[in-house]
file work.txt (compact mmCIF, C-alpha atoms)
# COMPACT_ATOMS: atom_id res chain seq x y z
CA MET F 38 -6.65 3.75 26.08
CA LEU F 39 -3.45 3.59 24.03
CA ARG F 40 -1.28 6.69 23.88
CA LEU F 41 -0.14 7.61 20.38
CA ALA F 42 2.21 10.23 18.95
CA MET F 43 2.28 11.74 15.47
CA ILE F 44 5.51 12.36 13.57
CA GLY F 45 4.82 14.63 10.60
CA CYS F 46 1.98 17.15 10.74
CA GLY F 47 1.16 17.77 7.10
CA GLN F 48 -2.09 17.09 5.29
CA ILE F 49 -1.69 13.29 5.46
CA SER F 50 -1.70 13.33 9.27
CA ASP F 51 -5.28 14.63 9.42
CA ARG F 52 -6.88 11.30 8.56
CA PHE F 53 -5.17 9.56 11.47
CA PHE F 54 -6.12 12.25 13.95
CA LYS F 55 -9.72 11.95 12.76
CA GLN F 56 -9.68 8.13 12.85
CA ALA F 57 -8.61 8.25 16.51
CA ALA F 58 -11.80 10.04 17.56
CA GLY F 59 -13.97 7.84 19.74
CA GLY F 60 -11.67 4.82 19.52
CA ASP F 61 -9.35 2.94 21.85
CA ALA F 62 -6.42 5.33 21.38
CA ARG F 63 -5.72 9.03 21.60
CA PHE F 64 -2.89 11.21 20.36
CA VAL F 65 -0.91 12.75 23.22
CA ALA F 66 1.91 14.38 21.24
CA ALA F 67 2.68 15.73 17.77
CA CYS F 68 6.05 16.39 16.14
CA ALA F 69 6.84 18.38 13.01
CA ARG F 70 9.87 19.93 11.35
CA THR F 71 8.95 23.26 12.93
CA LEU F 72 7.49 23.71 16.39
CA ASP F 73 4.86 26.11 15.05
CA SER F 74 3.51 23.42 12.71
CA ALA F 75 3.35 20.89 15.52
CA ARG F 76 1.62 23.35 17.83
CA ARG F 77 -0.98 24.23 15.19
CA LYS F 78 -1.84 20.59 14.60
CA ALA F 79 -1.87 19.84 18.31
CA ALA F 80 -4.26 22.74 18.95
CA GLN F 81 -6.50 21.65 16.07
CA TYR F 82 -6.98 18.13 17.46
CA GLY F 83 -6.66 18.71 21.20
CA VAL F 84 -3.26 17.05 21.53
CA ASP F 85 -1.37 17.71 24.75
CA ALA F 86 2.22 18.30 23.61
CA ALA F 87 4.11 19.54 20.55
CA TYR F 88 7.73 18.90 19.55
CA ASP F 89 10.16 19.63 16.74
CA ASP F 90 12.50 16.73 17.63
CA TYR F 91 11.07 13.22 17.48
CA GLU F 92 13.78 11.60 19.59
CA THR F 93 13.09 14.03 22.43
CA MET F 94 9.36 13.38 22.05
CA LEU F 95 9.82 9.60 22.11
CA ASP F 96 11.99 9.78 25.24
CA GLN F 97 9.81 12.24 27.14
CA VAL F 98 6.33 11.03 26.15
CA ARG F 99 7.05 7.28 25.79
CA PRO F 100 3.92 6.63 23.69
CA ASP F 101 2.59 3.14 23.06
CA GLY F 102 2.70 3.75 19.33
CA VAL F 103 3.63 6.34 16.73
CA VAL F 104 2.20 7.24 13.35
CA ILE F 105 4.78 8.42 10.79
CA ALA F 106 3.34 10.77 8.18
CA THR F 107 6.46 12.60 7.03
CA PRO F 108 7.65 13.00 3.42
CA HIS F 109 8.92 9.78 1.84
CA SER F 110 12.62 10.23 2.54
CA LEU F 111 11.95 10.82 6.25
CA HIS F 112 10.15 7.57 7.07
CA ALA F 113 12.98 5.21 8.03
CA ALA F 114 14.87 7.17 10.69
CA PRO F 115 11.94 7.95 13.03
CA ALA F 116 10.51 4.46 12.51
CA ILE F 117 13.78 2.85 13.54
CA ALA F 118 14.15 5.25 16.49
CA ALA F 119 10.70 4.31 17.77
CA LEU F 120 11.17 0.57 17.22
CA GLN F 121 14.50 0.65 19.07
CA ARG F 122 12.58 1.98 22.08
CA GLY F 123 9.99 -0.79 21.83
CA ILE F 124 7.34 1.61 20.50
CA HIS F 125 4.90 0.24 17.89
CA VAL F 126 4.99 1.95 14.49
CA LEU F 127 2.36 2.72 11.87
CA ASN F 128 4.31 3.96 8.85
CA GLU F 129 2.82 5.75 5.83
CA LYS F 130 3.71 4.55 2.36
CA PRO F 131 6.25 4.09 0.98
CA MET F 132 8.02 2.03 3.61
CA ALA F 133 11.31 3.87 2.92
CA THR F 134 13.29 5.24 0.00
CA SER F 135 15.92 2.49 -0.08
CA LEU F 136 15.65 -1.27 0.23
CA ALA F 137 18.45 -1.23 2.82
CA ASP F 138 16.34 1.01 5.06
CA CYS F 139 13.34 -1.30 4.61
CA HIS F 140 15.47 -4.23 5.78
CA ARG F 141 16.72 -2.24 8.78
CA MET F 142 13.16 -1.39 9.80
CA VAL F 143 12.09 -5.04 9.74
CA GLU F 144 15.23 -6.20 11.55
CA THR F 145 14.76 -3.56 14.27
CA ALA F 146 11.12 -4.56 14.76
CA ASP F 147 12.17 -8.22 15.07
CA GLN F 148 14.84 -7.35 17.63
CA SER F 149 12.60 -5.13 19.76
CA GLY F 150 9.37 -7.10 19.52
CA ALA F 151 7.45 -3.94 18.61
CA LEU F 152 4.86 -4.13 15.82
CA LEU F 153 5.65 -2.56 12.46
CA MET F 154 2.62 -1.78 10.29
CA CYS F 155 3.39 -0.30 6.87
CA LEU F 156 0.88 1.09 4.40
CA PRO F 157 -0.77 0.60 1.94
CA PHE F 158 -3.70 -0.83 3.85
CA ASP F 159 -5.32 -3.15 1.31
CA HIS F 160 -7.82 -4.85 3.55
CA THR F 161 -10.95 -2.92 2.69
CA PRO F 162 -14.37 -4.61 2.59
CA ALA F 163 -14.13 -4.79 -1.21
CA PHE F 164 -10.70 -6.41 -1.09
CA LEU F 165 -11.80 -8.94 1.53
CA THR F 166 -14.90 -9.68 -0.56
CA ALA F 167 -12.76 -10.25 -3.66
CA LEU F 168 -10.68 -12.84 -1.80
CA ARG F 169 -13.78 -15.02 -1.40
CA PHE F 170 -13.95 -15.53 -5.15
CA LEU F 171 -10.28 -16.29 -5.80
CA ASN F 172 -10.82 -20.01 -6.20
CA GLU F 173 -11.08 -22.60 -8.94
CA GLU F 174 -14.81 -23.12 -8.37
CA THR F 175 -15.59 -19.50 -9.31
CA LEU F 176 -12.89 -18.32 -11.72
CA GLY F 177 -11.24 -21.57 -12.79
CA LYS F 178 -7.45 -21.67 -12.69
CA TRP F 179 -5.72 -18.34 -12.07
CA THR F 180 -3.96 -17.24 -15.28
CA GLY F 181 -2.82 -13.64 -14.73
CA ALA F 182 -3.58 -10.14 -13.48
CA VAL F 183 -3.30 -6.43 -14.22
CA SER F 184 -3.17 -3.86 -11.42
CA GLU F 185 -2.90 -0.14 -12.04
CA LEU F 186 -3.16 3.30 -10.52
CA LEU F 187 -3.33 6.05 -13.13
CA ILE F 188 -3.62 9.75 -12.24
CA PRO F 189 -3.01 13.10 -13.96
CA GLY F 190 -0.21 13.67 -11.43
CA PRO F 191 0.05 15.18 -7.94
CA PRO F 192 -1.53 18.65 -8.11
CA ARG F 193 0.93 20.26 -5.69
CA ASP F 194 4.16 21.83 -6.94
CA ASN F 195 6.29 20.61 -4.03
CA TRP F 196 8.64 17.70 -3.30
CA TYR F 197 6.68 15.11 -5.31
CA TYR F 198 8.51 16.23 -8.47
CA ASP F 199 11.98 16.52 -6.89
CA ARG F 200 14.05 13.34 -7.09
CA SER F 201 16.39 14.46 -4.31
CA ILE F 202 13.42 14.36 -1.90
CA ALA F 203 10.92 11.96 -3.47
CA HIS F 204 13.56 9.33 -4.40
CA GLY F 205 11.16 7.39 -6.56
CA GLY F 206 8.47 9.52 -8.10
CA ALA F 207 5.48 7.50 -9.22
CA VAL F 208 7.06 4.17 -8.24
CA LEU F 209 7.11 4.84 -4.50
CA ASP F 210 4.15 7.21 -4.40
CA CYS F 211 1.64 5.36 -6.59
CA LEU F 212 2.91 2.02 -7.92
CA VAL F 213 3.19 0.81 -4.33
CA TYR F 214 -0.64 0.49 -4.28
CA PRO F 215 -1.17 -1.89 -7.24
CA VAL F 216 1.90 -3.96 -6.31
CA SER F 217 0.75 -4.20 -2.70
CA ARG F 218 -2.70 -5.41 -3.80
CA LEU F 219 -1.17 -8.15 -5.95
CA VAL F 220 1.22 -9.30 -3.23
CA SER F 221 -1.48 -9.19 -0.56
CA MET F 222 -3.64 -11.40 -2.78
CA PHE F 223 -1.12 -13.87 -4.19
CA GLY F 224 1.84 -13.87 -1.80
CA PRO F 225 5.54 -13.60 -2.60
CA ALA F 226 6.56 -13.32 -6.25
CA SER F 227 9.71 -14.78 -7.83
CA ARG F 228 11.05 -12.17 -10.28
CA VAL F 229 10.31 -8.80 -11.87
CA THR F 230 11.10 -6.83 -15.00
CA GLY F 231 10.59 -3.07 -15.14
CA MET F 232 10.43 -0.17 -17.55
CA LEU F 233 10.25 3.45 -16.36
CA ASN F 234 11.08 6.96 -17.47
CA THR F 235 10.32 10.64 -16.99
CA LEU F 236 7.69 11.11 -19.66
CA ILE F 237 6.71 14.71 -18.75
CA PRO F 238 9.68 16.74 -17.45
CA HIS F 239 7.97 20.14 -17.92
CA ARG F 240 4.62 19.99 -16.13
CA ILE F 241 1.64 22.21 -15.61
CA VAL F 242 0.06 21.30 -12.26
CA GLY F 243 -2.70 22.69 -10.03
CA GLU F 244 -3.81 26.26 -10.75
CA GLY F 245 -1.56 26.44 -13.81
CA LYS F 246 1.75 26.31 -11.95
CA ARG F 247 4.78 25.18 -13.96
CA VAL F 248 7.08 22.52 -12.52
CA GLU F 249 10.37 21.05 -13.68
CA SER F 250 10.21 17.35 -12.84
CA ASP F 251 13.03 14.80 -12.74
CA VAL F 252 11.14 11.87 -11.19
CA ASP F 253 9.81 8.76 -12.91
CA ASP F 254 6.19 9.31 -13.92
CA ASN F 255 5.63 6.44 -16.38
CA VAL F 256 6.18 2.91 -15.05
CA ALA F 257 5.26 -0.68 -15.87
CA LEU F 258 6.43 -3.80 -14.04
CA THR F 259 6.01 -7.39 -15.13
CA ILE F 260 5.85 -9.61 -12.05
CA GLU F 261 6.03 -13.42 -12.15
CA TRP F 262 5.09 -15.95 -9.46
CA ALA F 263 6.75 -19.35 -9.03
CA SER F 264 3.57 -21.04 -10.31
CA GLY F 265 4.01 -19.25 -13.65
CA GLN F 266 1.36 -16.53 -13.58
CA ILE F 267 2.40 -13.05 -14.70
CA ALA F 268 0.90 -9.74 -13.62
CA VAL F 269 1.42 -6.27 -15.02
CA ALA F 270 1.56 -3.45 -12.46
CA ARG F 271 1.20 0.00 -13.99
CA THR F 272 1.24 3.62 -12.90
CA LEU F 273 1.25 6.80 -14.96
CA TRP F 274 1.15 10.47 -13.99
CA GLY F 275 -0.26 11.56 -17.32
CA THR F 276 -3.94 10.69 -17.69
CA SER F 277 -7.04 12.88 -17.96
CA PHE F 278 -8.77 10.99 -15.14
CA SER F 279 -7.83 8.71 -12.24
CA ARG F 280 -8.14 4.93 -12.39
CA ASN F 281 -7.45 2.44 -9.62
CA ASP F 282 -8.20 -1.12 -10.78
CA THR F 283 -7.04 -4.67 -10.28
CA VAL F 284 -8.19 -7.36 -12.72
CA ILE F 285 -7.75 -11.05 -11.91
CA TYR F 286 -7.98 -13.39 -14.88
CA GLY F 287 -9.12 -16.99 -14.55
CA ARG F 288 -9.69 -19.69 -17.11
CA LYS F 289 -13.47 -19.55 -16.57
CA GLY F 290 -14.06 -16.05 -15.20
CA THR F 291 -12.60 -12.64 -14.46
CA LEU F 292 -12.76 -10.51 -11.33
CA TRP F 293 -12.48 -6.72 -11.19
CA LEU F 294 -11.62 -4.87 -7.99
CA SER F 295 -12.34 -1.33 -9.08
CA GLY F 296 -12.97 1.77 -7.01
CA GLY F 297 -14.36 -0.19 -4.08
CA GLN F 298 -16.50 -2.40 -6.33
CA VAL F 299 -16.21 -6.13 -6.94
CA VAL F 300 -17.50 -7.41 -10.29
CA VAL F 301 -17.16 -10.97 -11.57
CA HIS F 302 -17.54 -11.94 -15.23
CA LEU F 303 -18.81 -15.51 -15.33
CA PRO F 304 -20.07 -16.43 -18.80
CA GLY F 305 -22.52 -19.28 -18.65
CA GLY F 306 -22.60 -19.24 -14.86
CA SER F 307 -24.15 -17.26 -12.04
CA ILE F 308 -23.36 -15.96 -8.56
CA GLY F 309 -26.33 -16.11 -6.22
CA GLU F 310 -25.17 -13.31 -3.94
CA GLY F 311 -24.40 -10.96 -6.84
CA SER F 312 -26.66 -8.72 -8.88
CA ALA F 313 -26.54 -9.19 -12.65
CA THR F 314 -25.00 -6.26 -14.48
CA GLU F 315 -23.19 -5.25 -17.64
CA TRP F 316 -19.56 -4.29 -17.06
CA GLN F 317 -17.23 -2.73 -19.62
CA GLY F 318 -19.50 -3.90 -22.40
CA LEU F 319 -19.65 -7.48 -21.15
CA GLY F 320 -22.79 -9.38 -20.22
CA GLY F 321 -22.73 -12.26 -17.78
CA CYS F 322 -21.32 -10.03 -15.01
CA TYR F 323 -22.29 -9.88 -11.34
CA ARG F 324 -21.73 -6.98 -8.96
CA ILE F 325 -21.07 -8.24 -5.43
CA SER F 326 -21.56 -6.16 -2.28
CA PRO F 327 -19.47 -6.86 0.82
CA PRO F 328 -21.43 -9.14 3.18
CA ALA F 329 -22.35 -7.95 6.65
CA ASP F 330 -19.78 -10.17 8.38
CA ILE F 331 -16.79 -8.45 6.74
CA PRO F 332 -15.23 -5.82 9.05
CA ASN F 333 -14.78 -2.25 7.88
CA GLU F 334 -11.78 -1.17 9.94
CA SER F 335 -10.02 2.12 9.53
CA ILE F 336 -6.24 2.07 9.20
CA LEU F 337 -5.79 3.30 12.76
CA GLU F 338 -8.35 0.83 14.13
CA HIS F 339 -6.36 -2.05 12.64
CA PHE F 340 -3.12 -0.69 14.13
CA VAL F 341 -4.66 -0.27 17.57
CA SER F 342 -6.35 -3.68 17.42
CA SER F 343 -3.05 -5.32 16.46
CA ILE F 344 -1.34 -3.73 19.46
CA LEU F 345 -4.10 -4.64 21.90
CA THR F 346 -4.24 -8.27 20.72
CA ALA F 347 -0.46 -8.61 20.22
CA THR F 348 -0.98 -9.88 16.65
CA GLN F 349 0.86 -8.92 13.51
CA PRO F 350 -1.03 -6.40 11.35
CA ARG F 351 -2.03 -7.70 7.95
CA CYS F 352 0.10 -5.05 6.22
CA ASN F 353 3.11 -5.92 8.34
CA GLY F 354 6.73 -5.05 7.76
CA ARG F 355 7.72 -8.34 6.11
CA LEU F 356 4.88 -8.18 3.59
CA GLN F 357 5.77 -4.60 2.71
CA LEU F 358 9.46 -5.44 2.58
CA HIS F 359 8.60 -7.83 -0.26
CA VAL F 360 6.42 -5.20 -1.95
CA HIS F 361 9.28 -2.71 -1.77
CA GLU F 362 11.83 -5.25 -2.99
CA ILE F 363 9.63 -5.56 -6.09
CA LEU F 364 9.54 -1.77 -6.48
CA PHE F 365 13.29 -1.28 -6.09
CA ALA F 366 14.02 -4.33 -8.26
CA GLY F 367 11.73 -2.82 -10.89
CA ILE F 368 13.75 0.40 -10.83
CA LEU F 369 17.02 -1.57 -11.11
CA SER F 370 15.57 -3.68 -13.93
CA GLY F 371 14.61 -0.57 -15.87
CA GLN F 372 18.10 0.82 -15.48
CA ALA F 373 19.97 -2.42 -16.20
CA GLY F 374 17.64 -3.87 -18.83
CA ARG F 375 17.35 -7.29 -17.21
CA THR F 376 14.99 -9.37 -15.10
CA ILE F 377 15.68 -9.28 -11.35
CA PRO F 378 15.06 -12.32 -9.09
CA LEU F 379 13.37 -11.65 -5.75
CA GLU F 380 14.79 -12.88 -2.46
CA THR F 381 12.51 -11.78 0.39
CA ARG F 382 9.59 -13.84 1.59
CA PHE F 383 6.74 -13.47 4.08
CA GLU F 384 3.95 -15.59 5.50
CA PRO F 385 0.63 -14.56 3.87
CA TRP F 386 -2.16 -13.76 6.31
CA HIS F 387 -4.69 -15.72 4.22
CA THR F 388 -4.52 -18.87 2.10
CA LEU F 389 -5.58 -19.31 -1.51
CA PRO F 390 -6.49 -22.86 -2.60
CA ALA F 391 -3.46 -24.59 -4.12
CA SER F 392 -5.61 -25.79 -7.01
CA PHE F 393 -6.30 -22.17 -7.98
CA ARG F 394 -2.63 -21.70 -8.97
CA ASP F 395 -1.98 -25.11 -10.52
CA THR F 396 -2.44 -24.80 -14.26
CA LYS F 397 -0.23 -27.80 -15.12
CA ALA F 398 -2.32 -30.67 -13.77
CA GLY F 399 -4.64 -31.88 -16.52
CA PHE F 400 -6.40 -30.10 -19.37
CA ILE F 401 -8.08 -26.81 -18.59

call {"tool": "encode", "arguments": {"input": "work.txt", "output": "C-alpha cells"}}
result
Amino acid sequence: MLRLAMIGCGQISDRFFKQAAGGDARFVAACARTLDSARRKAAQYGVDAAYDDYETMLDQVRPDGVVIATPHSLHAAPAIAALQRGIHVLNEKPMATSLADCHRMVETADQSGALLMCLPFDHTPAFLTALRFLNEETLGKWTGAVSELLIPGPPRDNWYYDRSIAHGGAVLDCLVYPVSRLVSMFGPASRVTGMLNTLIPHRIVGEGKRVESDVDDNVALTIEWASGQIAVARTLWGTSFSRNDTVIYGRKGTLWLSGGQVVVHLPGGSIGEGSATEWQGLGGCYRISPPADIPNESILEHFVSSILTATQPRCNGRLQLHVHEILFAGILSGQAGRTIPLETRFEPWHTLPASFRDTKAGFI
C-alpha cells in the first residue's frame, strides 16, 4: 500500500481523495495554506496528519508520492521539493506558470529518479479508442486537426481572473487540454503561432457577481508538425455552452473525439465495429464504443501503477514540458507577432504509422 500526501486542499483535491478509495494507495497526510483547511480535509477523508508547511510534511511523513492540487502559481516549488527528496509527484495542470519552472521540474525528476506525472490525463477509453483509427487504412493521409475547449468562463470570482496569481488565464487553465490532446496523439510539433487577448475585462460570473479581469480569455494557436500538418488549438471564455472537441482530418475520412464519444466520417466506406449514425448533419458516420480490452484507469490509478511498475506515466514530465513550451511560445508569439520554433522533444508512448503522416509520396 503506497503512502501518499496531498498538497493543496481545495475543491480539486477531492477527486484524488475519492480515487484513492479501495485502491493500492492511501493518503496519510494533507497540507494546505492554513492548518484549519488541512485539518478539515484530513477529517473528511480519514487522513492521519495535517500540515500548513509542505517541506515539514515531506520531511516528517516521507510519503511515497505526493499529489499537488494548489493554485497554478504554486505548482513548481512543492513539486521540486518533493522530487529533490526522491518522492514521486502527480502534478495538476498546468505544469507551472513559467517555462523555466517546467524545465526545472523535469531536470529535478531526471536527477532524482522520481516519477513526474503532469496533467492533463488524456488517456481515457475514448482517446485510446480514437488512436486505433489514426491510420491510412481508415482515414487516409492525415491532413490537419482542430482541438478546442470553449466555456462561458470559470464561475468563481477568485484567482482565475487575476493575472498576478493565474499567470496565464485561459491559456494555462483551458488551452492546455486541447494542446495536450494533439501532442499526445501526434508527438512533438515544430513551431507555433498565437493570437490572444482579454476579450471580456468586465465580467458577470456565477450568481451575478461582477469581476474585473486582466487575464487572456480568447486564444487561438496554429501549431505545425515537421511533416507539414497544421492544427488549430482554441479556447474561449465567452460562449453560451461548453464544448470540448478534437477533430482529426484525413484525406478519406474524419474523426471526432467529442465529449467522450468517438465518431468517424467515412463516406463510401464502413466500420464493422461502429454503429451507423448521422453526425453534425453528415451521413456516412459511425459511432464507435471503446472495446472491452481498453483500460479505464483513474488518474490516481495510473500514477500508482506507474510507481509500482517503475514505468514512466503516459502524461510524463517531458511530454508536458513540450505541451507547455507550445503554450508559452503561443503567448510570446501573440505578443511579438511572429512564429516561434519549438525546441523540446519527448519520446511518444505510442506509435502512429509513418505512412499516415506522409502526404508527399504519390498522388492522394

call {"tool": "closest_atom_pairs", "arguments": {"input": "work.txt", "of": "region 220-248 of chain F", "to": "region 149-160 of chain F", "cutoff": "12 Å", "atoms": "all atoms listed in the file", "output": "tab-separated table"}}
result
residue	atom	partner	partner_atom	distance
F:Val220	CA	F:Asp159	CA	10.1
F:Ser221	CA	F:Asp159	CA	7.4
F:Met222	CA	F:Asp159	CA	9.4

call {"tool": "residues_around", "arguments": {"input": "work.txt", "residues": "Met38 (chain F)", "least_positions_apart": "6", "cutoff": "9 Å", "atoms": "all atoms listed in the file", "output": "ChimeraX atom specification"}}
result
/F:60-63

call {"tool": "residues_around", "arguments": {"input": "work.txt", "residues": "Tyr323 (chain F)", "least_positions_apart": "4", "cutoff": "12 Å", "atoms": "all atoms listed in the file", "output": "MDAnalysis selection string"}}
result
chainID F and resid 170 175 290:293 298:316 319

call {"tool": "residues_around", "arguments": {"input": "work.txt", "residues": "Val143 (chain F)", "least_positions_apart": "3", "cutoff": "6 Å", "atoms": "only C-alpha atoms", "output": "compact mmCIF listing (two decimals) with C-alpha atoms, in the coordinates of the input"}}
result
# COMPACT_ATOMS: atom_id res chain seq x y z
CA HIS F 140 15.47 -4.23 5.78
CA ALA F 146 11.12 -4.56 14.76
CA GLY F 354 6.73 -5.05 7.76

call {"tool": "atom_distance", "arguments": {"input": "work.txt", "atom1": "CA of Ala366 (chain F)", "atom2": "CA of Ala167 (chain F)"}}
result
27.8 Å

call {"tool": "atom_distance", "arguments": {"input": "work.txt", "atom1": "CA of Ile285 (chain F)", "atom2": "CA of Gly177 (chain F)"}}
result
11.1 Å

call {"tool": "closest_residue", "arguments": {"input": "work.txt", "among": "F:Phe365, F:Trp196, F:Trp386, F:Trp179", "to": "Leu212 (chain F)", "atoms": "all atoms listed in the file"}}
result
F:Phe365

call {"tool": "closest_residue", "arguments": {"input": "work.txt", "among": "F:Ser201, F:Thr134, F:Asn281, F:Ser264", "to": "Tyr214 (chain F)", "atoms": "all atoms listed in the file"}}
result
F:Asn281

call {"tool": "closest_residue", "arguments": {"input": "work.txt", "among": "F:Asp147, F:Asp199, F:Met232, F:Leu136", "to": "Leu120 (chain F)", "atoms": "all atoms listed in the file"}}
result
F:Asp147

call {"tool": "axis_aligned_box", "arguments": {"input": "work.txt", "around": "region 285-304 of chain F", "padding_each_side": "8 Å", "output": "lines of an AutoDock Vina configuration file"}}
result
center_x = -13.9
center_y = -9.0
center_z = -11.4
size_x = 28.3
size_y = 37.5
size_z = 30.7

call {"tool": "residues_near_point", "arguments": {"input": "work.txt", "point": "(2.5, -12.9, -13.5)", "cutoff": "9 Å", "atoms": "all atoms listed in the file", "output": "ChimeraX atom specification"}}
result
/F:180-183,226,229,259-269

call {"tool": "closest_residue", "arguments": {"input": "work.txt", "among": "F:Arg193, F:Arg52, F:Arg280, F:Arg218", "to": "Gly243 (chain F)", "atoms": "all atoms listed in the file"}}
result
F:Arg193

call {"tool": "atom_distance", "arguments": {"input": "work.txt", "atom1": "CA of Leu379 (chain F)", "atom2": "CA of Ser227 (chain F)"}}
result
5.2 Å

call {"tool": "closest_residue", "arguments": {"input": "work.txt", "among": "F:Gly59, F:Gly123, F:Gly205, F:Pro108", "to": "His361 (chain F)", "atoms": "all atoms listed in the file"}}
result
F:Gly205

call {"tool": "closest_residue", "arguments": {"input": "work.txt", "among": "F:Val98, F:Cys139, F:Leu186, F:Ala207", "to": "Leu356 (chain F)", "atoms": "all atoms listed in the file"}}
result
F:Cys139

call {"tool": "residues_around", "arguments": {"input": "work.txt", "residues": "Ala270 (chain F)", "least_positions_apart": "4", "cutoff": "7 Å", "atoms": "all atoms listed in the file", "output": "ChimeraX atom specification"}}
result
/F:183-185,215-216,257-259

call {"tool": "residues_around", "arguments": {"input": "work.txt", "residues": "Val103 (chain F)", "least_positions_apart": "2", "cutoff": "12 Å", "atoms": "all atoms listed in the file", "output": "MDAnalysis selection string"}}
result
chainID F and resid 39:45 50 53:54 62:68 91:92 94:95 98:101 105:107 112 115:120 122:129 151:155 337 340:341 344
